[in-house]
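Colleague: Pasting in a structure now, in structure tokens, and then I'll have a few things to ask.
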Amino acid sequence: MPKKVDHQERRTLIADALMRVAADQGLEAVSLRHVAAEAGVSAGMVQHYFRTKDEMMAFALSVVRERNQIRVTEALARLGVDPPPRLLLRTMIAALLPLDEGTRDDGRVALAFLAYTAVRPAAAPSLREGTRQLTGFIAGILPDRHDDDAAAAAGLLALMEGLGVYLLGGQYTAEQALGALDAHLDLLFA
């Protein structure tokens, strides 16, 4: 009887290897050969699941998104029912920031994918949709005092991305990043 193969498990194994290569060596080092070696599989197997580097990158980003969603959901669940909007936003953004070693690899992959899409716009549609949804969600939570909630939400997302870059680059500590986030939220919710 032929061995039953879990294709999602293999795709995830390959995506995890891709993320380790990207986090350790940068996106430039991501290739079928490097990812196959890191995963301990053949290059042919990698090609079976991902025809192109773009497909590998998109799947790796979906894995990062899933991990982020789990972190956010768990963090928000700890707040209980109907938390205040400011606390909800702070908790959500803090869960998305690479504040510890466990979240830095995901942050490096997400940052690498953003850089990748800057030179390959065809790989970016899923990012645009996710950004649109997140901006809309945040705009709906902000106090009605803002002339343009969408612009205020976009500014908060830009702050989050910038803090992520500074955390990954070592320019900010977790305490500095959370302090900057709190100061910005204080302005928005003043």
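Ordered as shown in the structure tokens, chains take letters A, B, and onward, while each chain numbers its residues from 1 and ligands are numbered from 1 in the order shown.
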At most 10 Å is the cut-off: for each residue in range 38-151 of chain A with any atom that close to an atom of range 6-11 of chain A, write down the nearest atom pair and the distance in Å rounded to one decimal, counting only C-alpha atoms, chain first then increasing number, as a tab-separated table.

Modeller:
```
residue	atom	partner	partner_atom	distance
A:Ala39	CA	A:Arg10	CA	9.5
A:Val41	CA	A:Arg10	CA	9.7
A:Met45	CA	A:Arg10	CA	9.0
A:Val46	CA	A:Arg11	CA	8.3
A:His48	CA	A:Arg11	CA	9.7
A:Tyr49	CA	A:Arg11	CA	6.4
A:Phe50	CA	A:Arg11	CA	8.3
A:Met56	CA	A:Arg11	CA	8.8
A:Phe59	CA	A:Arg11	CA	8.1
A:Ala60	CA	A:Arg11	CA	9.2
```

Colleague: List every residue of range 2-188 of chain A that DSSP, applied to the backbone, labels as alpha helix (DSSP H), and write the result as a VMD selection string.

Modeller: chain A and resid 7 to 25 32 to 39 43 to 49 53 to 77 85 to 96 101 to 119 125 to 141 149 to 169 174 to 188

Colleague: Report as a list in words all protein, DNA and RNA residues lying within 10 Å of Asp144 in chain A, evaluated on only C-alpha atoms, omitting residues in the same chain fewer than 5 positions from it.

Modeller: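 Final neighbour list, sorted by chain and number: Ala139, Asp149 and Phe189 of chain A.
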
Colleague: Residues near Ala110 in chain A, anyone? I mean within 10 Å using only C-alpha atoms, not counting same-chain ones fewer than 6 positions away, as a list in words.

Modeller: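 What passes the distance filter is Met19, Ala22, Ala23, Met57, Ala60, Leu61, Ser62, Val64, Arg65, Arg104, Tyr116 and Gly164 of chain A.
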
Colleague: Pick the closest to Gly162 in chain A from A:Pro85, A:Pro98, A:Gly80, A:Gly44: which is it, counting only C-alpha atoms?

Modeller: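 For Gly162 in chain A, the nearest of the candidates is A:Pro98.
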
Colleague: As an exercise, work out the distance from CA of Val165 in chain A to CA of Arg71 in chain A in Å and give it to one decimal place.

Modeller: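 Those two atoms sit 19.0 Å apart.
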
Colleague: Could you name the residues that touch Ala183 in chain A at 12 Å or less, counting only C-alpha atoms, but leaving out those on the same chain fewer than 6 positions away, as a PyMOL selection string?

Modeller: chain A and resi 86+90+156+159+176-177+189-190

Colleague: Deliver the residues from the most recent selection as a file, using all heavy atoms, as a PDB file, in the first residue's frame.

Modeller:
```
ATOM      1  N   ARG A  86      -8.579  51.381  23.132  1.00  0.00           N
ATOM      2  CA  ARG A  86      -7.139  51.657  23.186  1.00  0.00           C
ATOM      3  C   ARG A  86      -6.375  50.410  23.601  1.00  0.00           C
ATOM      4  O   ARG A  86      -5.356  50.061  23.019  1.00  0.00           O
ATOM      5  CB  ARG A  86      -6.852  52.802  24.154  1.00  0.00           C
ATOM      6  CG  ARG A  86      -5.376  53.206  24.155  1.00  0.00           C
ATOM      7  CD  ARG A  86      -5.052  54.100  25.355  1.00  0.00           C
ATOM      8  NE  ARG A  86      -3.683  54.562  25.313  1.00  0.00           N
ATOM      9  CZ  ARG A  86      -2.615  53.793  25.588  1.00  0.00           C
ATOM     10  NH1 ARG A  86      -2.754  52.520  25.902  1.00  0.00           N
ATOM     11  NH2 ARG A  86      -1.395  54.290  25.531  1.00  0.00           N
ATOM     12  N   ARG A  90      -3.600  48.372  21.428  1.00  0.00           N
ATOM     13  CA  ARG A  90      -2.245  48.178  21.971  1.00  0.00           C
ATOM     14  C   ARG A  90      -1.896  46.694  22.027  1.00  0.00           C
ATOM     15  O   ARG A  90      -0.808  46.273  21.655  1.00  0.00           O
ATOM     16  CB  ARG A  90      -2.112  48.786  23.354  1.00  0.00           C
ATOM     17  CG  ARG A  90      -0.654  48.722  23.842  1.00  0.00           C
ATOM     18  CD  ARG A  90      -0.553  48.923  25.331  1.00  0.00           C
ATOM     19  NE  ARG A  90       0.816  49.173  25.738  1.00  0.00           N
ATOM     20  CZ  ARG A  90       1.704  48.212  26.009  1.00  0.00           C
ATOM     21  NH1 ARG A  90       1.401  46.948  25.867  1.00  0.00           N
ATOM     22  NH2 ARG A  90       2.927  48.532  26.403  1.00  0.00           N
ATOM     23  N   LEU A 156      -1.043  54.665  12.191  1.00  0.00           N
ATOM     24  CA  LEU A 156      -0.763  53.701  13.245  1.00  0.00           C
ATOM     25  C   LEU A 156      -0.113  52.443  12.673  1.00  0.00           C
ATOM     26  O   LEU A 156       0.835  51.904  13.252  1.00  0.00           O
ATOM     27  CB  LEU A 156      -2.055  53.352  13.992  1.00  0.00           C
ATOM     28  CG  LEU A 156      -1.921  52.486  15.240  1.00  0.00           C
ATOM     29  CD1 LEU A 156      -0.929  53.072  16.246  1.00  0.00           C
ATOM     30  CD2 LEU A 156      -3.282  52.294  15.885  1.00  0.00           C
ATOM     31  N   LEU A 159       3.452  53.303  11.882  1.00  0.00           N
ATOM     32  CA  LEU A 159       4.224  53.296  13.119  1.00  0.00           C
ATOM     33  C   LEU A 159       4.585  51.866  13.509  1.00  0.00           C
ATOM     34  O   LEU A 159       5.734  51.567  13.854  1.00  0.00           O
ATOM     35  CB  LEU A 159       3.431  53.954  14.253  1.00  0.00           C
ATOM     36  CG  LEU A 159       4.074  53.855  15.639  1.00  0.00           C
ATOM     37  CD1 LEU A 159       5.296  54.756  15.732  1.00  0.00           C
ATOM     38  CD2 LEU A 159       3.072  54.167  16.726  1.00  0.00           C
ATOM     39  N   GLN A 176      11.428  50.458  24.490  1.00  0.00           N
ATOM     40  CA  GLN A 176      11.361  51.693  23.703  1.00  0.00           C
ATOM     41  C   GLN A 176      10.233  51.629  22.672  1.00  0.00           C
ATOM     42  O   GLN A 176       9.509  52.602  22.483  1.00  0.00           O
ATOM     43  CB  GLN A 176      12.691  51.945  22.995  1.00  0.00           C
ATOM     44  CG  GLN A 176      13.808  52.347  23.930  1.00  0.00           C
ATOM     45  CD  GLN A 176      15.158  52.371  23.214  1.00  0.00           C
ATOM     46  OE1 GLN A 176      15.517  51.420  22.518  1.00  0.00           O
ATOM     47  NE2 GLN A 176      15.888  53.452  23.410  1.00  0.00           N
ATOM     48  N   ALA A 177      10.099  50.491  22.016  1.00  0.00           N
ATOM     49  CA  ALA A 177       9.057  50.347  20.996  1.00  0.00           C
ATOM     50  C   ALA A 177       7.670  50.461  21.629  1.00  0.00           C
ATOM     51  O   ALA A 177       6.801  51.170  21.105  1.00  0.00           O
ATOM     52  CB  ALA A 177       9.208  49.014  20.268  1.00  0.00           C
ATOM     53  N   PHE A 189      -6.029  58.707  21.327  1.00  0.00           N
ATOM     54  CA  PHE A 189      -7.159  58.533  22.243  1.00  0.00           C
ATOM     55  C   PHE A 189      -7.257  59.658  23.271  1.00  0.00           C
ATOM     56  O   PHE A 189      -8.022  59.556  24.227  1.00  0.00           O
ATOM     57  CB  PHE A 189      -7.047  57.177  22.949  1.00  0.00           C
ATOM     58  CG  PHE A 189      -7.441  56.031  22.080  1.00  0.00           C
ATOM     59  CD1 PHE A 189      -6.501  55.402  21.266  1.00  0.00           C
ATOM     60  CD2 PHE A 189      -8.754  55.583  22.040  1.00  0.00           C
ATOM     61  CE1 PHE A 189      -6.861  54.350  20.440  1.00  0.00           C
ATOM     62  CE2 PHE A 189      -9.112  54.541  21.214  1.00  0.00           C
ATOM     63  CZ  PHE A 189      -8.172  53.915  20.407  1.00  0.00           C
ATOM     64  N   ALA A 190      -6.516  60.746  23.069  1.00  0.00           N
ATOM     65  CA  ALA A 190      -6.543  61.877  24.030  1.00  0.00           C
ATOM     66  C   ALA A 190      -7.904  62.525  24.062  1.00  0.00           C
ATOM     67  O   ALA A 190      -8.609  62.611  23.098  1.00  0.00           O
ATOM     68  CB  ALA A 190      -5.479  62.902  23.650  1.00  0.00           C
TER      69      ALA A 190
END
```

Colleague: Quick one: residues within 12 Å of Ala122 in chain A, only C-alpha atoms, excluding same-chain residues fewer than 6 positions away - as number ranges by chain?

Modeller: A: 54-55, 58, 116, 128

Colleague: Using only C-alpha atoms, can you tell me which of A:Ala154, A:Ala115, A:Leu188, A:Val109 comes closest to Gln25 in chain A?

Modeller: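 Among A:Ala154, A:Ala115, A:Leu188, A:Val109, it is A:Val109 that comes nearest to Gln25 in chain A.
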
Colleague: Enter the distance from CA of His184 in chain A to CA of Val72 in chain A, in Å, rounded to one decimal.

Modeller: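 Answer for the CA of His184 in chain A to CA of Val72 in chain A separation: 19.8 Å.
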
Colleague: Using only C-alpha atoms, which residue out of A:Glu38, A:Ala112, A:Gln69, A:Leu99 lies closest to Gly170 in chain A?

Modeller: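 Closest to Gly170 in chain A of all the choices is A:Leu99.
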
Colleague: With only C-alpha atoms as the basis for distance, which of A:Met92, A:Leu87, A:Leu32, A:Ala15 is at the shortest distance from Arg51 in chain A?

Modeller: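 Closest to Arg51 in chain A of all the choices is A:Leu32.
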
Colleague: What lies within 8 Å of Ala174 in chain A using only C-alpha atoms, ignoring chain neighbours under 4 positions off, as a PyMOL selection string?

Modeller: chain A and resi 99-100+167+178

Colleague: Take the selection from the previous step and output its residues with N, CA and C atoms, as an mmCIF file, in the first residue's frame.

Modeller:
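Result went into selection-v3.cif, see below:
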```
data_model
loop_
_atom_site.group_PDB
_atom_site.id
_atom_site.type_symbol
_atom_site.label_atom_id
_atom_site.label_comp_id
_atom_site.auth_asym_id
_atom_site.auth_seq_id
_atom_site.Cartn_x
_atom_site.Cartn_y
_atom_site.Cartn_z
ATOM 1 N N LEU A 99 8.861 41.472 19.384
ATOM 2 C CA LEU A 99 9.367 41.914 20.682
ATOM 3 C C LEU A 99 10.287 40.904 21.362
ATOM 4 N N ASP A 100 10.274 39.668 20.901
ATOM 5 C CA ASP A 100 11.104 38.651 21.538
ATOM 6 C C ASP A 100 11.685 37.737 20.462
ATOM 7 N N LEU A 167 13.038 47.374 15.796
ATOM 8 C CA LEU A 167 13.255 46.244 16.701
ATOM 9 C C LEU A 167 14.145 45.195 16.046
ATOM 10 N N LEU A 178 7.469 49.793 22.754
ATOM 11 C CA LEU A 178 6.163 49.872 23.412
ATOM 12 C C LEU A 178 5.898 51.272 23.960
#
```
